$ cat entry.txt   # compact mmCIF, N, CA and C atoms
# COMPACT_ATOMS: atom_id res chain seq x y z
N GLU A 725 326.72 -50.69 101.37
CA GLU A 725 326.13 -50.38 102.66
C GLU A 725 326.89 -51.12 103.75
N SER A 726 326.97 -50.43 104.84
CA SER A 726 327.65 -51.07 105.96
C SER A 726 326.65 -51.94 106.72
N LEU A 727 327.19 -52.80 107.53
CA LEU A 727 326.36 -53.70 108.32
C LEU A 727 325.44 -52.92 109.24
N SER A 728 325.91 -51.84 109.81
CA SER A 728 325.08 -51.04 110.73
C SER A 728 323.92 -50.38 109.97
N GLU A 729 324.16 -49.96 108.72
CA GLU A 729 323.08 -49.36 107.91
C GLU A 729 322.03 -50.41 107.57
N VAL A 730 322.49 -51.59 107.19
CA VAL A 730 321.57 -52.68 106.86
C VAL A 730 320.76 -53.06 108.10
N THR A 731 321.44 -53.15 109.24
CA THR A 731 320.76 -53.49 110.50
C THR A 731 319.75 -52.41 110.86
N ALA A 732 320.13 -51.15 110.74
CA ALA A 732 319.22 -50.04 111.05
C ALA A 732 318.01 -50.06 110.11
N ASP A 733 318.25 -50.34 108.84
CA ASP A 733 317.15 -50.42 107.87
C ASP A 733 316.21 -51.57 108.22
N LEU A 734 316.79 -52.71 108.59
CA LEU A 734 315.99 -53.87 108.97
C LEU A 734 315.16 -53.58 110.22
N VAL A 735 315.76 -52.94 111.20
CA VAL A 735 315.05 -52.58 112.44
C VAL A 735 313.91 -51.61 112.12
N ASP A 736 314.17 -50.64 111.24
CA ASP A 736 313.14 -49.67 110.85
C ASP A 736 311.97 -50.38 110.15
N LYS A 737 312.30 -51.30 109.26
CA LYS A 737 311.25 -52.04 108.55
C LYS A 737 310.45 -52.91 109.51
N GLN A 738 311.12 -53.52 110.47
CA GLN A 738 310.43 -54.34 111.47
C GLN A 738 309.50 -53.47 112.33
N ARG A 739 309.97 -52.27 112.68
CA ARG A 739 309.15 -51.34 113.47
C ARG A 739 307.90 -50.92 112.68
N ARG A 740 308.09 -50.59 111.40
CA ARG A 740 306.95 -50.21 110.55
C ARG A 740 306.00 -51.39 110.36
N SER A 741 306.56 -52.57 110.22
CA SER A 741 305.73 -53.77 110.08
C SER A 741 304.91 -54.00 111.34
N ALA A 742 305.52 -53.83 112.50
CA ALA A 742 304.81 -53.99 113.77
C ALA A 742 303.71 -52.94 113.90
N ALA A 743 304.01 -51.70 113.51
CA ALA A 743 303.00 -50.63 113.58
C ALA A 743 301.85 -50.93 112.63
N THR A 744 302.17 -51.44 111.46
CA THR A 744 301.12 -51.80 110.50
C THR A 744 300.27 -52.94 111.05
N ALA A 745 300.90 -53.90 111.71
CA ALA A 745 300.16 -55.02 112.30
C ALA A 745 299.21 -54.52 113.39
N VAL A 746 299.67 -53.55 114.19
CA VAL A 746 298.81 -52.97 115.24
C VAL A 746 297.64 -52.24 114.59
N GLU A 747 297.91 -51.46 113.55
CA GLU A 747 296.84 -50.75 112.83
C GLU A 747 295.83 -51.74 112.26
N LEU A 748 296.34 -52.80 111.66
CA LEU A 748 295.46 -53.83 111.08
C LEU A 748 294.59 -54.46 112.17
N SER A 749 295.18 -54.74 113.30
CA SER A 749 294.43 -55.32 114.42
C SER A 749 293.34 -54.36 114.88
N ASN A 750 293.67 -53.07 114.96
CA ASN A 750 292.68 -52.06 115.36
C ASN A 750 291.54 -51.97 114.34
N VAL A 751 291.89 -51.99 113.08
CA VAL A 751 290.87 -51.93 112.02
C VAL A 751 289.98 -53.16 112.08
N GLN A 752 290.58 -54.33 112.31
CA GLN A 752 289.78 -55.55 112.42
C GLN A 752 288.84 -55.49 113.62
N ALA A 753 289.30 -54.91 114.72
CA ALA A 753 288.44 -54.77 115.90
C ALA A 753 287.28 -53.84 115.59
N GLU A 754 287.56 -52.73 114.92
CA GLU A 754 286.49 -51.79 114.54
C GLU A 754 285.51 -52.45 113.57
N LEU A 755 286.03 -53.24 112.66
CA LEU A 755 285.18 -53.96 111.71
C LEU A 755 284.26 -54.93 112.46
N GLY A 756 284.81 -55.61 113.44
CA GLY A 756 284.00 -56.52 114.25
C GLY A 756 282.87 -55.78 114.96
N LYS A 757 283.19 -54.62 115.52
CA LYS A 757 282.16 -53.81 116.19
C LYS A 757 281.10 -53.37 115.19
N ALA A 758 281.54 -52.94 114.01
CA ALA A 758 280.60 -52.49 112.98
C ALA A 758 279.70 -53.64 112.53
N GLN A 759 280.26 -54.83 112.39
CA GLN A 759 279.47 -55.99 111.99
C GLN A 759 278.44 -56.34 113.06
N THR A 760 278.84 -56.26 114.32
CA THR A 760 277.92 -56.53 115.42
C THR A 760 276.79 -55.51 115.42
N SER A 761 277.14 -54.25 115.24
CA SER A 761 276.13 -53.19 115.19
C SER A 761 275.19 -53.38 114.00
N LEU A 762 275.75 -53.74 112.87
CA LEU A 762 274.94 -53.98 111.68
C LEU A 762 273.97 -55.14 111.90
N GLY A 763 274.45 -56.19 112.53
CA GLY A 763 273.59 -57.33 112.84
C GLY A 763 272.43 -56.93 113.74
N GLU A 764 272.72 -56.12 114.75
CA GLU A 764 271.66 -55.65 115.66
C GLU A 764 270.67 -54.76 114.91
N GLN A 765 271.17 -53.89 114.05
CA GLN A 765 270.28 -53.02 113.27
C GLN A 765 269.42 -53.84 112.31
N GLN A 766 269.99 -54.90 111.76
CA GLN A 766 269.21 -55.77 110.87
C GLN A 766 268.10 -56.47 111.65
N ARG A 767 268.40 -56.90 112.87
CA ARG A 767 267.38 -57.54 113.71
C ARG A 767 266.27 -56.54 114.05
N GLN A 768 266.66 -55.31 114.37
CA GLN A 768 265.67 -54.28 114.68
C GLN A 768 264.81 -53.97 113.46
N LEU A 769 265.45 -53.89 112.31
CA LEU A 769 264.72 -53.62 111.07
C LEU A 769 263.73 -54.75 110.76
N ALA A 770 264.16 -55.98 110.98
CA ALA A 770 263.27 -57.12 110.75
C ALA A 770 262.07 -57.06 111.70
N ALA A 771 262.31 -56.65 112.94
CA ALA A 771 261.20 -56.54 113.91
C ALA A 771 260.23 -55.45 113.48
N VAL A 772 260.76 -54.31 113.03
CA VAL A 772 259.91 -53.22 112.56
C VAL A 772 259.13 -53.65 111.32
N ALA A 773 259.79 -54.35 110.42
CA ALA A 773 259.11 -54.84 109.21
C ALA A 773 257.98 -55.80 109.58
N SER A 774 258.23 -56.64 110.56
CA SER A 774 257.20 -57.58 111.01
C SER A 774 256.01 -56.83 111.61
N GLN A 775 256.30 -55.81 112.41
CA GLN A 775 255.23 -55.00 112.99
C GLN A 775 254.45 -54.26 111.90
N LEU A 776 255.18 -53.74 110.92
CA LEU A 776 254.54 -53.04 109.81
C LEU A 776 253.63 -53.97 109.03
N LEU A 777 254.09 -55.18 108.79
CA LEU A 777 253.27 -56.16 108.09
C LEU A 777 252.00 -56.48 108.89
N ALA A 778 252.14 -56.65 110.19
CA ALA A 778 250.97 -56.92 111.04
C ALA A 778 249.99 -55.76 111.00
N CYS A 779 250.51 -54.53 111.03
CA CYS A 779 249.64 -53.35 110.95
C CYS A 779 248.94 -53.30 109.60
N ARG A 780 249.67 -53.61 108.55
CA ARG A 780 249.08 -53.60 107.20
C ARG A 780 247.96 -54.64 107.10
N GLN A 781 248.20 -55.82 107.65
CA GLN A 781 247.18 -56.86 107.62
C GLN A 781 245.94 -56.43 108.41
N GLU A 782 246.16 -55.79 109.55
CA GLU A 782 245.03 -55.30 110.35
C GLU A 782 244.27 -54.22 109.58
N LEU A 783 244.99 -53.33 108.92
CA LEU A 783 244.35 -52.28 108.12
C LEU A 783 243.54 -52.90 106.98
N ASP A 784 244.11 -53.88 106.31
CA ASP A 784 243.38 -54.57 105.23
C ASP A 784 242.11 -55.21 105.78
N TYR A 785 242.21 -55.84 106.94
CA TYR A 785 241.05 -56.48 107.57
C TYR A 785 239.98 -55.44 107.88
N GLN A 786 240.41 -54.32 108.47
CA GLN A 786 239.45 -53.27 108.82
C GLN A 786 238.79 -52.68 107.57
N GLN A 787 239.57 -52.51 106.51
CA GLN A 787 239.01 -51.99 105.26
C GLN A 787 237.99 -52.97 104.68
N GLN A 788 238.30 -54.25 104.72
CA GLN A 788 237.36 -55.26 104.23
C GLN A 788 236.09 -55.26 105.09
N ARG A 789 236.26 -55.12 106.38
CA ARG A 789 235.12 -55.10 107.29
C ARG A 789 234.24 -53.87 107.01
N THR A 790 234.89 -52.73 106.80
CA THR A 790 234.15 -51.50 106.49
C THR A 790 233.41 -51.65 105.17
N ALA A 791 234.08 -52.21 104.17
CA ALA A 791 233.44 -52.40 102.86
C ALA A 791 232.25 -53.34 103.00
N LEU A 792 232.39 -54.38 103.78
CA LEU A 792 231.29 -55.32 103.99
C LEU A 792 230.12 -54.61 104.67
N SER A 793 230.42 -53.79 105.66
CA SER A 793 229.38 -53.05 106.35
C SER A 793 228.66 -52.12 105.38
N SER A 794 229.39 -51.46 104.49
CA SER A 794 228.78 -50.58 103.50
C SER A 794 227.86 -51.36 102.58
N GLU A 795 228.31 -52.54 102.16
CA GLU A 795 227.48 -53.39 101.31
C GLU A 795 226.21 -53.81 102.05
N GLN A 796 226.35 -54.11 103.32
CA GLN A 796 225.18 -54.50 104.12
C GLN A 796 224.20 -53.34 104.23
N VAL A 797 224.70 -52.12 104.39
CA VAL A 797 223.83 -50.95 104.46
C VAL A 797 223.04 -50.81 103.17
N VAL A 798 223.71 -50.98 102.02
CA VAL A 798 223.03 -50.89 100.73
C VAL A 798 221.98 -51.99 100.61
N MET A 799 222.33 -53.20 101.03
CA MET A 799 221.38 -54.32 100.95
C MET A 799 220.16 -54.06 101.84
N LEU A 800 220.40 -53.52 103.03
CA LEU A 800 219.29 -53.23 103.93
C LEU A 800 218.40 -52.13 103.36
N ALA A 801 219.00 -51.11 102.77
CA ALA A 801 218.21 -50.03 102.16
C ALA A 801 217.37 -50.56 101.01
N THR A 802 217.96 -51.45 100.22
CA THR A 802 217.23 -52.05 99.10
C THR A 802 216.07 -52.90 99.61
N ALA A 803 216.31 -53.69 100.62
CA ALA A 803 215.26 -54.53 101.20
C ALA A 803 214.15 -53.67 101.80
N ARG A 804 214.52 -52.58 102.44
CA ARG A 804 213.53 -51.68 103.03
C ARG A 804 212.66 -51.05 101.94
N ALA A 805 213.32 -50.62 100.86
CA ALA A 805 212.57 -50.02 99.75
C ALA A 805 211.59 -51.03 99.16
N ARG A 806 212.01 -52.27 99.04
CA ARG A 806 211.12 -53.32 98.51
C ARG A 806 209.92 -53.53 99.43
N MET A 807 210.20 -53.56 100.74
CA MET A 807 209.11 -53.75 101.69
C MET A 807 208.13 -52.57 101.64
N GLU A 808 208.66 -51.37 101.52
CA GLU A 808 207.78 -50.19 101.43
C GLU A 808 206.92 -50.25 100.17
N ARG A 809 207.52 -50.67 99.06
CA ARG A 809 206.74 -50.80 97.81
C ARG A 809 205.67 -51.87 97.97
N ALA A 810 206.02 -52.97 98.62
CA ALA A 810 205.05 -54.05 98.82
C ALA A 810 203.88 -53.57 99.67
N VAL A 811 204.18 -52.78 100.70
CA VAL A 811 203.12 -52.25 101.55
C VAL A 811 202.23 -51.30 100.76
N GLU A 812 202.85 -50.45 99.93
CA GLU A 812 202.09 -49.50 99.12
C GLU A 812 201.19 -50.21 98.11
N GLU A 813 201.67 -51.33 97.59
CA GLU A 813 200.90 -52.07 96.58
C GLU A 813 199.71 -52.79 97.20
N GLU A 814 199.73 -53.06 98.47
CA GLU A 814 198.63 -53.79 99.12
C GLU A 814 197.52 -52.90 99.35

$ encode --input "entry.txt" --output "structure tokens"
Amino acid sequence: ESLSEVTADLVDKQRRSAATAVELSNVQAELGKAQTSLGEQQRQLAAVASQLLACRQELDYQQQRTALSSEQVVMLATARARMERAVEEE
């Protein structure tokens, strides 16, 4: 190979190397943006999960309250029946 061919080959390789470095830099920038977006989405997901948990706890509380009210209704009906029987027996 002549010196000019070797020089041309070296220049071509340097040009390709520089282009690859630019591509790598662009990919790294896109990766950084994607990581930032992912972090924001994770924060949003955590907030939604927290809200969902709070709603679930409120639902559980309301269900317990409703169940307690139903039990109280049964207890009141039983007490009323006892009082009616007591009145009938007198």

$ atom_distance --input "entry.txt" --atom1 "atom CA of Gln787 of chain A" --atom2 "atom CA of Thr802 of chain A"
22.6 Å

$ atom_distance --input "entry.txt" --atom1 "atom C of Ala753 of chain A" --atom2 "atom CA of Lys737 of chain A"
25.0 Å

$ atom_distance --input "entry.txt" --atom1 "atom C of Glu782 of chain A" --atom2 "atom C of Gln796 of chain A"
20.8 Å

$ decode --input "entry.txt" --residues "chain A" --atoms "C-alpha atoms" --output "mmCIF file, in the first residue's frame"
data_model
loop_
_atom_site.group_PDB
_atom_site.id
_atom_site.type_symbol
_atom_site.label_atom_id
_atom_site.label_comp_id
_atom_site.auth_asym_id
_atom_site.auth_seq_id
_atom_site.Cartn_x
_atom_site.Cartn_y
_atom_site.Cartn_z
ATOM 1 C CA GLU A 725 0.000 0.000 0.000
ATOM 2 C CA SER A 726 1.128 3.459 -0.716
ATOM 3 C CA LEU A 727 1.356 6.139 1.907
ATOM 4 C CA SER A 728 -1.608 7.999 0.389
ATOM 5 C CA GLU A 729 -3.775 4.834 0.584
ATOM 6 C CA VAL A 730 -2.808 4.265 4.210
ATOM 7 C CA THR A 731 -3.484 7.931 4.992
ATOM 8 C CA ALA A 732 -6.855 7.814 3.198
ATOM 9 C CA ASP A 733 -7.777 4.630 5.080
ATOM 10 C CA LEU A 734 -6.771 6.223 8.386
ATOM 11 C CA VAL A 735 -8.791 9.369 7.625
ATOM 12 C CA ASP A 736 -11.816 7.216 6.695
ATOM 13 C CA LYS A 737 -11.530 5.235 9.927
ATOM 14 C CA GLN A 738 -11.219 8.444 11.950
ATOM 15 C CA ARG A 739 -14.319 9.844 10.207
ATOM 16 C CA ARG A 740 -16.296 6.656 10.967
ATOM 17 C CA SER A 741 -15.037 6.717 14.538
ATOM 18 C CA ALA A 742 -16.167 10.331 14.932
ATOM 19 C CA ALA A 743 -19.584 9.487 13.439
ATOM 20 C CA THR A 744 -19.898 6.545 15.813
ATOM 21 C CA ALA A 745 -18.983 8.796 18.743
ATOM 22 C CA VAL A 746 -21.700 11.270 17.702
ATOM 23 C CA GLU A 747 -24.238 8.423 17.416
ATOM 24 C CA LEU A 748 -23.204 7.134 20.834
ATOM 25 C CA SER A 749 -23.604 10.603 22.315
ATOM 26 C CA ASN A 750 -27.077 10.897 20.769
ATOM 27 C CA VAL A 751 -28.085 7.480 22.097
ATOM 28 C CA GLN A 752 -26.816 8.411 25.561
ATOM 29 C CA ALA A 753 -28.847 11.638 25.447
ATOM 30 C CA GLU A 754 -31.975 9.687 24.457
ATOM 31 C CA LEU A 755 -31.283 7.195 27.230
ATOM 32 C CA GLY A 756 -31.034 10.049 29.720
ATOM 33 C CA LYS A 757 -34.393 11.405 28.549
ATOM 34 C CA ALA A 758 -35.944 7.939 28.792
ATOM 35 C CA GLN A 759 -34.578 7.477 32.319
ATOM 36 C CA THR A 760 -35.968 10.858 33.367
ATOM 37 C CA SER A 761 -39.351 9.974 31.888
ATOM 38 C CA LEU A 762 -39.292 6.582 33.579
ATOM 39 C CA GLY A 763 -38.501 8.202 36.917
ATOM 40 C CA GLU A 764 -41.438 10.590 36.522
ATOM 41 C CA GLN A 765 -43.755 7.729 35.557
ATOM 42 C CA GLN A 766 -42.592 5.763 38.595
ATOM 43 C CA ARG A 767 -43.372 8.745 40.836
ATOM 44 C CA GLN A 768 -46.820 9.067 39.258
ATOM 45 C CA LEU A 769 -47.433 5.342 39.674
ATOM 46 C CA ALA A 770 -46.410 5.529 43.330
ATOM 47 C CA ALA A 771 -48.845 8.425 43.853
ATOM 48 C CA VAL A 772 -51.669 6.475 42.191
ATOM 49 C CA ALA A 773 -50.824 3.397 44.266
ATOM 50 C CA SER A 774 -50.934 5.518 47.414
ATOM 51 C CA GLN A 775 -54.331 6.930 46.429
ATOM 52 C CA LEU A 776 -55.583 3.438 45.627
ATOM 53 C CA LEU A 777 -54.445 2.186 49.023
ATOM 54 C CA ALA A 778 -56.215 5.086 50.748
ATOM 55 C CA CYS A 779 -59.404 4.328 48.797
ATOM 56 C CA ARG A 780 -59.147 0.650 49.693
ATOM 57 C CA GLN A 781 -58.728 1.494 53.377
ATOM 58 C CA GLU A 782 -61.755 3.802 53.218
ATOM 59 C CA LEU A 783 -63.775 1.064 51.499
ATOM 60 C CA ASP A 784 -62.738 -1.449 54.162
ATOM 61 C CA TYR A 785 -63.753 1.033 56.866
ATOM 62 C CA GLN A 786 -67.134 1.646 55.228
ATOM 63 C CA GLN A 787 -67.728 -2.100 54.848
ATOM 64 C CA GLN A 788 -66.899 -2.660 58.520
ATOM 65 C CA ARG A 789 -69.203 0.191 59.481
ATOM 66 C CA THR A 790 -72.012 -1.244 57.352
ATOM 67 C CA ALA A 791 -71.490 -4.705 58.841
ATOM 68 C CA LEU A 792 -71.582 -3.232 62.340
ATOM 69 C CA SER A 793 -74.801 -1.395 61.522
ATOM 70 C CA SER A 794 -76.342 -4.647 60.238
ATOM 71 C CA GLU A 795 -75.345 -6.409 63.443
ATOM 72 C CA GLN A 796 -76.886 -3.590 65.458
ATOM 73 C CA VAL A 797 -80.134 -3.921 63.489
ATOM 74 C CA VAL A 798 -80.254 -7.645 64.298
ATOM 75 C CA MET A 799 -79.517 -6.955 67.971
ATOM 76 C CA LEU A 800 -82.251 -4.317 68.127
ATOM 77 C CA ALA A 801 -84.762 -6.650 66.464
ATOM 78 C CA THR A 802 -83.865 -9.391 68.944
ATOM 79 C CA ALA A 803 -84.221 -7.017 71.898
ATOM 80 C CA ARG A 804 -87.567 -5.786 70.566
ATOM 81 C CA ALA A 805 -88.838 -9.345 70.182
ATOM 82 C CA ARG A 806 -87.801 -10.103 73.768
ATOM 83 C CA MET A 807 -89.589 -7.011 75.041
ATOM 84 C CA GLU A 808 -92.732 -7.936 73.108
ATOM 85 C CA ARG A 809 -92.653 -11.456 74.572
ATOM 86 C CA ALA A 810 -92.166 -10.020 78.059
ATOM 87 C CA VAL A 811 -95.166 -7.736 77.586
ATOM 88 C CA GLU A 812 -97.281 -10.649 76.307
ATOM 89 C CA GLU A 813 -96.285 -12.784 79.292
ATOM 90 C CA GLU A 814 -97.399 -10.133 81.793
#
